[in-house]
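To be precise, the following lines are query-v2.csv, and they hold CSV, C-alpha atoms.
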chain,number,residue,atom,x,y,z
A,1,MET,CA,68.5,138.4,87.0
A,2,ASN,CA,66.8,135.5,85.4
A,3,GLU,CA,69.3,135.3,82.7
A,4,HIS,CA,72.1,135.3,85.3
A,5,THR,CA,70.6,132.3,86.9
A,6,THR,CA,70.5,130.5,83.6
A,7,SER,CA,74.3,131.2,83.2
A,8,ASP,CA,74.9,129.8,86.6
A,9,GLN,CA,72.9,126.7,85.7
A,10,ILE,CA,74.9,126.2,82.5
A,11,VAL,CA,78.1,126.3,84.5
A,12,GLU,CA,76.8,124.0,87.2
A,13,GLN,CA,75.7,121.5,84.6
A,14,TYR,CA,79.0,121.7,82.8
A,15,LEU,CA,80.9,121.1,86.1
A,16,SER,CA,78.7,118.2,87.1
A,17,ASP,CA,79.1,116.6,83.7
A,18,LEU,CA,82.9,117.0,84.1
A,19,ARG,CA,82.9,115.4,87.5
A,20,ASP,CA,80.9,112.5,86.1
A,21,ALA,CA,83.3,112.1,83.2
A,22,LEU,CA,86.4,112.1,85.4
A,23,GLN,CA,85.3,109.2,87.6
A,24,SER,CA,87.9,106.8,86.4
A,25,LEU,CA,90.7,109.2,87.5
A,26,SER,CA,92.1,109.2,91.0
A,27,PRO,CA,89.8,111.4,93.3
A,28,ASN,CA,92.6,113.8,94.1
A,29,SER,CA,93.6,114.7,90.5
A,30,ALA,CA,90.0,114.8,89.4
A,31,ARG,CA,89.2,117.3,92.2
A,32,GLU,CA,92.2,119.4,91.4
A,33,PHE,CA,91.3,119.5,87.7
A,34,VAL,CA,87.7,120.5,88.3
A,35,ALA,CA,88.9,123.2,90.7
A,36,GLU,CA,91.2,124.6,87.9
A,37,ILE,CA,88.4,124.5,85.3
A,38,GLU,CA,86.1,126.2,87.8
A,39,GLN,CA,88.7,128.9,88.2
A,40,HIS,CA,89.1,129.2,84.5
A,41,ILE,CA,85.4,129.7,84.0
A,42,ALA,CA,85.3,132.3,86.7
A,43,GLU,CA,88.1,134.2,85.0
A,44,GLY,CA,86.4,133.9,81.6
A,45,ARG,CA,83.0,135.0,83.0
A,46,ALA,CA,84.6,138.1,84.4
A,47,THR,CA,85.4,139.3,80.9
A,48,LEU,CA,81.7,138.7,79.7
A,49,GLU,CA,78.7,140.8,80.1
A,50,PRO,CA,76.3,139.4,82.8
A,51,GLY,CA,73.8,137.2,81.0
A,52,ASP,CA,75.8,136.8,77.9
A,53,GLU,CA,74.8,133.2,77.4
A,54,VAL,CA,76.3,132.9,73.9
A,55,GLY,CA,79.7,134.1,75.3
A,56,LEU,CA,79.5,131.7,78.1
A,57,ARG,CA,78.7,128.7,75.8
A,58,ASN,CA,81.6,129.8,73.6
A,59,LEU,CA,83.8,129.9,76.7
A,60,LEU,CA,82.8,126.4,77.7
A,61,GLU,CA,83.3,125.2,74.1
A,62,ARG,CA,86.8,126.5,74.1
A,63,ILE,CA,87.6,124.7,77.4
A,64,GLY,CA,86.4,121.4,75.7
A,65,SER,CA,83.6,119.0,76.3
A,66,PRO,CA,83.8,117.0,79.5
A,67,VAL,CA,84.1,113.7,77.7
A,68,ALA,CA,86.9,114.9,75.5
A,69,LEU,CA,88.8,116.3,78.5
A,70,ALA,CA,88.4,113.1,80.4
A,71,SER,CA,89.7,111.0,77.5
A,72,GLU,CA,92.6,113.4,77.1
A,73,LEU,CA,93.4,113.2,80.8
A,74,GLN,CA,93.3,109.4,80.8
A,75,GLU,CA,96.0,109.4,78.2
A,76,THR,CA,98.4,111.5,80.2
A,77,GLU,CA,97.6,110.1,83.7
A,78,PRO,CA,99.4,107.0,84.8
A,79,SER,CA,97.2,103.9,84.8
A,80,ARG,CA,95.0,103.6,87.9
A,81,SER,CA,94.8,99.8,87.6
A,82,ILE,CA,96.2,98.3,90.8
A,83,SER,CA,98.1,95.0,90.5
A,84,THR,CA,97.0,92.0,92.6
A,85,MET,CA,100.2,92.1,94.5
A,86,ASP,CA,99.7,95.7,95.5
A,87,ARG,CA,96.1,94.9,96.5
A,88,ALA,CA,97.2,91.9,98.7
A,89,THR,CA,100.1,93.8,100.3
A,90,PRO,CA,98.2,95.7,103.1
A,91,TRP,CA,96.5,92.4,104.0
A,92,LEU,CA,99.7,90.4,104.0
A,93,ILE,CA,101.4,93.1,106.1
A,94,MET,CA,98.6,92.8,108.7
A,95,LEU,CA,97.7,89.1,108.7
A,96,GLY,CA,100.6,87.4,106.8
A,97,GLY,CA,102.5,86.8,110.0
A,98,PHE,CA,100.1,84.1,111.0
A,99,ALA,CA,101.1,82.1,107.9
A,100,PHE,CA,104.3,81.0,109.8
A,101,GLY,CA,105.6,84.5,109.2
A,102,PHE,CA,106.0,83.7,105.6
A,103,GLY,CA,103.0,85.8,104.5
A,104,TRP,CA,104.4,88.8,106.1
A,105,LEU,CA,107.7,88.4,104.3
A,106,VAL,CA,105.8,88.3,101.0
A,107,GLY,CA,103.9,91.4,102.0
A,108,LEU,CA,107.2,93.1,102.9
A,109,TYR,CA,108.6,92.3,99.5
A,110,GLY,CA,105.4,93.6,97.9
A,111,LEU,CA,105.6,96.8,100.0
A,112,TRP,CA,109.2,97.6,99.2
A,113,SER,CA,109.2,96.6,95.5
A,114,SER,CA,106.0,98.6,94.7
A,115,ARG,CA,106.0,102.2,93.5
A,116,ARG,CA,102.6,102.9,95.0
A,117,TRP,CA,104.0,103.7,98.4
A,118,ARG,CA,106.6,106.3,99.4
A,119,ILE,CA,109.4,105.8,101.7
A,120,TRP,CA,107.7,106.8,105.0
A,121,ASP,CA,104.8,104.5,104.3
A,122,LYS,CA,107.2,101.7,103.5
A,123,LEU,CA,108.9,102.3,106.8
A,124,LEU,CA,105.6,102.4,108.6
A,125,GLY,CA,104.6,99.1,107.0
A,126,THR,CA,107.8,97.5,108.1
A,127,PHE,CA,108.1,98.7,111.7
A,128,VAL,CA,104.5,99.0,112.9
A,129,TRP,CA,104.7,96.2,113.7
A,130,PRO,CA,107.2,93.7,112.3
A,131,GLY,CA,105.0,90.7,111.7
A,132,GLY,CA,101.8,92.7,111.7
A,133,LEU,CA,99.2,91.5,114.2
A,134,LEU,CA,101.5,88.6,115.1
A,135,GLY,CA,103.9,91.4,116.2
A,136,THR,CA,101.1,92.6,118.5
A,137,LEU,CA,100.9,89.1,120.0
A,138,TYR,CA,104.6,89.1,120.5
A,139,LEU,CA,104.5,92.5,122.2
A,140,PHE,CA,101.8,91.1,124.5
A,141,GLY,CA,103.9,88.0,125.1
A,142,ALA,CA,106.8,90.2,126.0
A,143,SER,CA,104.7,91.7,128.8
A,144,ALA,CA,103.1,88.3,129.8
A,145,SER,CA,105.2,88.1,132.9
A,146,SER,CA,104.0,91.4,134.0
A,147,THR,CA,100.4,90.3,133.5
A,148,ALA,CA,101.0,87.5,136.0
A,149,CYS,CA,102.6,90.0,138.2
A,150,SER,CA,99.6,92.2,137.9
A,151,GLY,CA,97.4,89.5,139.4
A,152,PHE,CA,99.8,89.1,142.2
A,153,GLN,CA,99.6,92.8,142.8
A,154,GLY,CA,95.8,92.7,142.9
A,155,ALA,CA,95.9,90.1,145.7
A,156,GLY,CA,98.2,92.2,147.7
A,157,GLN,CA,96.0,95.3,147.3
A,158,THR,CA,98.7,97.8,148.0
A,159,THR,CA,101.7,95.9,146.7
A,160,PRO,CA,103.9,98.5,145.0
A,161,THR,CA,104.9,98.0,141.4
A,162,MET,CA,108.5,97.5,142.4
A,163,THR,CA,108.2,93.7,142.4
A,164,CYS,CA,107.3,93.9,138.8
A,165,VAL,CA,110.0,96.1,137.4
A,166,HIS,CA,112.2,93.1,136.6
A,167,HIS,CA,109.5,91.3,134.8
A,168,GLY,CA,107.5,93.6,132.7
A,169,ASN,CA,108.4,97.1,131.5
A,170,LEU,CA,104.7,97.9,131.0
A,171,LEU,CA,103.7,97.6,134.6
A,172,VAL,CA,105.7,100.5,135.8
A,173,LEU,CA,103.1,102.6,134.0
A,174,PRO,CA,99.8,103.6,135.6
A,175,ARG,CA,96.9,101.4,134.8
A,176,ALA,CA,95.3,103.8,132.4
A,177,LEU,CA,98.5,104.0,130.4
A,178,GLN,CA,98.7,100.2,130.4
A,179,PHE,CA,95.4,100.1,128.6
A,180,LEU,CA,96.5,102.9,126.3
A,181,ALA,CA,99.6,100.9,125.4
A,182,ALA,CA,97.7,97.8,124.9
A,183,PHE,CA,95.2,99.7,122.6
A,184,VAL,CA,98.1,101.2,120.6
A,185,MET,CA,99.7,97.8,120.2
A,186,VAL,CA,96.5,96.3,118.8
A,187,ALA,CA,95.3,99.3,116.8
A,188,ALA,CA,98.7,100.1,115.2
A,189,PRO,CA,98.7,97.2,112.6
A,190,PHE,CA,95.2,98.0,111.7
A,191,PHE,CA,96.1,101.7,111.2
A,192,THR,CA,99.1,100.8,109.1
A,193,SER,CA,97.2,98.5,106.8
A,194,PHE,CA,94.4,101.0,106.5
A,195,ARG,CA,96.8,103.7,105.6
A,196,LEU,CA,98.6,101.5,103.0
A,197,GLY,CA,95.2,100.6,101.5
A,198,SER,CA,94.0,104.2,101.4
A,199,VAL,CA,97.2,105.3,99.7
A,200,LEU,CA,96.7,102.5,97.2
A,201,SER,CA,93.2,103.5,96.2
A,202,ARG,CA,93.5,107.3,96.6
A,203,GLY,CA,97.1,108.1,95.7
A,204,TYR,CA,99.0,110.9,97.4
A,205,ASP,CA,97.5,114.3,97.6
A,206,ASP,CA,100.3,116.2,95.8
A,207,ALA,CA,98.2,119.3,95.5
A,208,SER,CA,98.5,120.2,99.2
A,209,ASN,CA,101.8,118.6,100.0
A,210,ASN,CA,105.0,120.1,98.7
A,211,ARG,CA,107.2,117.4,100.2
A,212,GLY,CA,105.0,114.9,98.5
A,213,ILE,CA,105.7,116.4,95.1
A,214,ARG,CA,109.4,116.0,95.4
A,215,LEU,CA,109.1,112.4,96.7
A,216,ALA,CA,106.6,111.6,94.0
A,217,ARG,CA,109.0,112.8,91.3
A,218,ARG,CA,111.6,110.4,92.6
A,219,GLY,CA,109.1,107.5,92.6
A,220,PRO,CA,108.4,107.1,88.9
A,221,SER,CA,111.9,108.0,87.7
A,222,MET,CA,113.6,105.7,90.2
A,223,SER,CA,115.9,103.3,88.4
A,224,THR,CA,115.6,99.5,88.8
A,225,ASN,CA,119.0,99.6,90.6
A,226,MET,CA,117.7,102.0,93.2
A,227,ARG,CA,114.7,99.9,93.8
A,228,LEU,CA,116.8,96.8,94.2
A,229,VAL,CA,118.8,98.6,96.8
A,230,TRP,CA,115.5,99.3,98.7
A,231,VAL,CA,114.4,95.7,98.5
A,232,ILE,CA,117.8,94.6,99.8
A,233,ALA,CA,117.6,97.2,102.6
A,234,GLY,CA,114.2,95.9,103.5
A,235,ILE,CA,115.4,92.3,103.7
A,236,VAL,CA,118.4,93.3,105.8
A,237,VAL,CA,116.0,95.0,108.3
A,238,LEU,CA,113.9,91.9,108.3
A,239,ILE,CA,116.9,89.6,109.1
A,240,PHE,CA,117.8,92.0,111.9
A,241,PHE,CA,114.3,91.6,113.3
A,242,ILE,CA,114.4,87.8,113.1
A,243,PHE,CA,117.7,88.0,114.9
A,244,VAL,CA,116.3,90.2,117.6
A,245,LEU,CA,113.2,87.9,118.0
A,246,THR,CA,115.3,84.8,118.3
A,247,LEU,CA,117.3,86.4,121.1
A,248,HIS,CA,114.2,86.3,123.3
B,1,MET,CA,104.9,115.0,69.8
B,2,ARG,CA,102.6,118.0,69.8
B,3,ARG,CA,101.8,117.6,73.5
B,4,GLY,CA,105.5,117.4,74.3
B,5,ALA,CA,106.1,120.6,72.4
B,6,ILE,CA,103.3,122.4,74.1
B,7,GLU,CA,104.9,121.9,77.5
B,8,TYR,CA,107.9,123.9,76.2
B,9,CYS,CA,105.7,126.5,74.8
B,10,VAL,CA,104.3,127.0,78.3
B,11,LEU,CA,107.8,127.3,79.7
B,12,ALA,CA,108.7,129.8,77.0
B,13,LEU,CA,105.6,131.9,77.9
B,14,LEU,CA,106.7,131.9,81.5
B,15,LEU,CA,110.2,133.0,80.7
B,16,SER,CA,109.3,136.7,80.4
B,17,GLU,CA,106.8,136.8,83.3
B,18,ASP,CA,104.8,134.7,85.7
B,19,ARG,CA,101.3,134.0,84.4
B,20,TYR,CA,98.1,132.5,85.7
B,21,GLY,CA,96.3,129.5,84.2
B,22,PHE,CA,93.7,131.4,82.2
B,23,GLU,CA,96.3,133.6,80.6
B,24,ILE,CA,98.5,130.7,79.6
B,25,THR,CA,95.6,128.7,78.1
B,26,ARG,CA,94.4,131.8,76.2
B,27,GLU,CA,97.9,132.4,74.7
B,28,LEU,CA,98.2,128.8,73.6
B,29,SER,CA,94.7,128.5,72.1
B,30,ASN,CA,95.2,131.8,70.2
B,31,ALA,CA,98.2,130.2,68.5
B,32,ASP,CA,96.9,128.3,65.4
B,33,GLY,CA,96.8,124.5,65.7
B,34,LEU,CA,98.5,124.2,69.0
B,35,VAL,CA,95.8,123.2,71.4
B,36,THR,CA,92.3,121.9,70.5
B,37,SER,CA,90.7,122.6,73.9
B,38,GLU,CA,91.9,125.0,76.6
B,39,GLY,CA,91.0,122.6,79.4
B,40,THR,CA,93.7,120.1,78.3
B,41,VAL,CA,96.4,122.6,79.2
B,42,TYR,CA,95.7,122.3,83.0
B,43,PRO,CA,96.8,118.6,83.3
B,44,LEU,CA,99.9,119.7,81.5
B,45,LEU,CA,100.6,122.5,84.0
B,46,THR,CA,100.1,120.0,86.8
B,47,ARG,CA,102.7,117.7,85.2
B,48,LEU,CA,105.2,120.6,84.8
B,49,ARG,CA,104.7,121.4,88.4
B,50,ASN,CA,105.1,117.8,89.5
B,51,ASP,CA,108.3,117.6,87.4
B,52,GLY,CA,109.6,120.7,89.2
B,53,LEU,CA,109.9,122.7,86.0
B,54,VAL,CA,107.5,125.3,87.3
B,55,ASP,CA,106.2,126.3,90.7
B,56,THR,CA,103.1,128.1,91.7
B,57,TYR,CA,101.8,130.7,94.1
B,58,TRP,CA,98.4,132.3,94.8
B,59,GLN,CA,97.8,136.0,94.3
B,60,GLU,CA,94.7,138.2,94.8
B,61,SER,CA,93.3,139.7,91.7
B,62,THR,CA,91.4,143.0,91.4
B,63,GLU,CA,88.6,141.4,89.3
B,64,GLY,CA,87.4,138.0,90.5
B,65,PRO,CA,88.9,135.2,92.6
B,66,PRO,CA,92.6,134.7,93.6
B,67,ARG,CA,94.7,133.4,90.8
B,68,ARG,CA,97.3,130.6,90.8
B,69,TYR,CA,100.4,132.0,89.1
B,70,TYR,CA,103.0,129.8,87.5
B,71,ARG,CA,106.6,130.6,87.6
B,72,ILE,CA,109.5,128.9,85.7
B,73,THR,CA,112.1,127.3,87.9
B,74,THR,CA,115.9,126.9,87.2
B,75,ASN,CA,115.3,123.3,86.1
B,76,GLY,CA,112.5,124.6,83.8
B,77,LYS,CA,114.9,127.1,82.2
B,78,ARG,CA,117.5,124.4,81.7
B,79,ALA,CA,114.9,122.0,80.2
B,80,LEU,CA,113.7,124.8,77.9
B,81,SER,CA,117.1,125.7,76.6
B,82,SER,CA,118.0,122.1,75.8
B,83,PHE,CA,114.6,121.8,74.0
B,84,ILE,CA,115.2,124.9,72.0
B,85,ASP,CA,118.5,123.4,70.9
B,86,GLN,CA,117.0,120.0,69.9
B,87,TRP,CA,114.0,121.7,68.3
B,88,GLY,CA,116.1,123.8,66.0
B,89,ARG,CA,118.0,120.8,64.7
B,90,PHE,CA,114.8,118.8,64.4
B,91,ARG,CA,113.1,121.5,62.4
B,92,ASP,CA,116.1,121.9,60.1
B,93,SER,CA,116.2,118.2,59.4
B,94,VAL,CA,112.5,118.0,58.6
B,95,ASP,CA,112.7,121.1,56.4
B,96,ASP,CA,115.6,119.6,54.7
B,97,ILE,CA,113.9,116.3,53.9
B,98,LEU,CA,110.6,118.0,52.9
B,99,SER,CA,112.4,120.3,50.5
B,100,LYS,CA,114.1,117.3,48.8
B,101,GLY,CA,110.7,115.8,48.2
B,102,ARG,CA,109.6,118.8,46.2
If you convert what's in this file into structure tokens, what do you get?
Amino acid sequence: MNEHTTSDQIVEQYLSDLRDALQSLSPNSAREFVAEIEQHIAEGRATLEPGDEVGLRNLLERIGSPVALASELQETEPSRSISTMDRATPWLIMLGGFAFGFGWLVGLYGLWSSRRWRIWDKLLGTFVWPGGLLGTLYLFGASASSTACSGFQGAGQTTPTMTCVHHGNLLVLPRALQFLAAFVMVAAPFFTSFRLGSVLSRGYDDASNNRGIRLARRGPSMSTNMRLVWVIAGIVVLIFFIFVLTLH
Amino acid sequence: MRRGAIEYCVLALLLSEDRYGFEITRELSNADGLVTSEGTVYPLLTRLRNDGLVDTYWQESTEGPPRRYYRITTNGKRALSSFIDQWGRFRDSVDDILSKGR
């Protein structure tokens, strides 16, 4: 029994050394790798006599020392260093609109030209909201007339919402939904940038996501031509939005 | 080069039957001079899966925890057969040059 505990301790020690050695890898691939090694050890131990400490040490030796494994993995893993542009992009997407809109354009370029994000996140960054927090202000501005209308409604006590229908589309909603809509308008850009930033630092969790794998495969092998098409598509979308904004 | 070749050795191992990780690493480490440590095979399996050359599924085992089995895909078979082709020519060329040096 005592010997068995020692074996467990050896394995625990090995796994914790491994986790420490893998710290420079992305958390997802490190976690997956440790889980696989854990599995491997469990399989190996099933073939050993309980308390066979020599056999266990032999098993771990065959797997490799944590330091050696970590350096081997670093060679095969794509670099985790994140460029300054990628780092700045989530901020530019959120706040860049306030720099006369120009900052947001730069952020948009960074978003679409980077390989760090997949298509759905690129679309998220582009459309929620165009202009980032400035987009939120614009959305509020669009319902400004309904805000004035709402004051009027308060004075009249029971004035129906009918008078406001022409002014603001938000006011046809019940008050609770108005607050919800306002909250979503403000929170959405924060969520978007948080999401982009989290993808940047953590990568995509391919282990649990089959769709992700297929999209990820496309990412690194995507030709320069293809990426140029995406950048151009992004710019076209942008021009469309500027056009729509100037109509108001 | 060796690492590249090992990936195809894995694919070749999977050609006859689906195998789980422990089995694959054991086979490879039993072959002389192919892998230095068994643990390094796992990142390679992950890469093969990400490249769509193998896929995986879980299966209960009678002794111990459930096992993740690896299965070669159509793309994997295609990649393997083109590697076998290249490898044959490569080996012949090297043999040729080496024998001239004697």
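One finds atom CA of A:Trp117 at 26.7 Å from atom CA of A:Glu36.
Of note, atom CA of B:Tyr42 and atom CA of A:Glu72 are spaced 11.1 Å apart.
Between atom CA of A:Pro66 and atom CA of B:Thr40 the interatomic distance comes to 10.4 Å.
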Exercise for review: Do a neighbour search on stretch 54-70 of chain B at 7 Å with only C-alpha atoms, toss out local chain neighbours closer than 2 positions, and write the hits as a PyMOL selection string.
Suggested key: (chain A and resi 43+46) or (chain B and resi 18-21+48-49+52+72-73+76)
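Closest approach to chain A from the set B:Asn75, B:Ser29, B:Leu80, B:Leu98 is made by B:Ser29, with distances taken over all atoms listed in the file.
Comparing the minimum interatomic distances between A:Ser198 and each of A:Arg45, A:Arg87, A:Ile37, A:Ser24, counting all atoms listed in the file, we find that A:Arg87 sits nearest.
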For chain B, report every residue with an atom at most 6 Å from chain A (counting all atoms listed in the file), formatted as a short mmCIF file (atom, residue, chain, number, x, y, z; two decimals) with C-alpha atoms, in the frame of the given file.
data_model
loop_
_atom_site.label_atom_id
_atom_site.label_comp_id
_atom_site.auth_asym_id
_atom_site.auth_seq_id
_atom_site.Cartn_x
_atom_site.Cartn_y
_atom_site.Cartn_z
CA PHE B 22 93.70 131.40 82.20
CA SER B 37 90.70 122.60 73.90
CA GLU B 38 91.90 125.00 76.60
CA GLY B 39 91.00 122.60 79.40
CA ASN B 50 105.10 117.80 89.50
#
Which residues are near A:Val237? Cut-off 12 Å, all atoms listed in the file, ignore same chain within fewer than 3 positions. Put them as a VMD selection string.
chain A and resid 105 108 to 109 112 123 126 to 127 130 230 to 234 240 to 244
For A:Leu92: contacts at 8 Å, all atoms listed in the file, fewer than 5 positions along chain excluded, given as an mmCIF file with C-alpha atoms, keeping the file's coordinate frame:
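Output file out_6.cif follows:
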data_model
loop_
_atom_site.group_PDB
_atom_site.id
_atom_site.type_symbol
_atom_site.label_atom_id
_atom_site.label_comp_id
_atom_site.auth_asym_id
_atom_site.auth_seq_id
_atom_site.Cartn_x
_atom_site.Cartn_y
_atom_site.Cartn_z
ATOM 1 C CA GLY A 97 102.500 86.800 110.000
ATOM 2 C CA GLY A 103 103.000 85.800 104.500
ATOM 3 C CA TRP A 104 104.400 88.800 106.100
ATOM 4 C CA VAL A 106 105.800 88.300 101.000
ATOM 5 C CA GLY A 107 103.900 91.400 102.000
#
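In this comparison, which uses only C-alpha atoms, the residue of A:Gly135, A:Gly203, A:Pro50, A:Gly125 approaching A:Gly101 most closely is A:Gly135.
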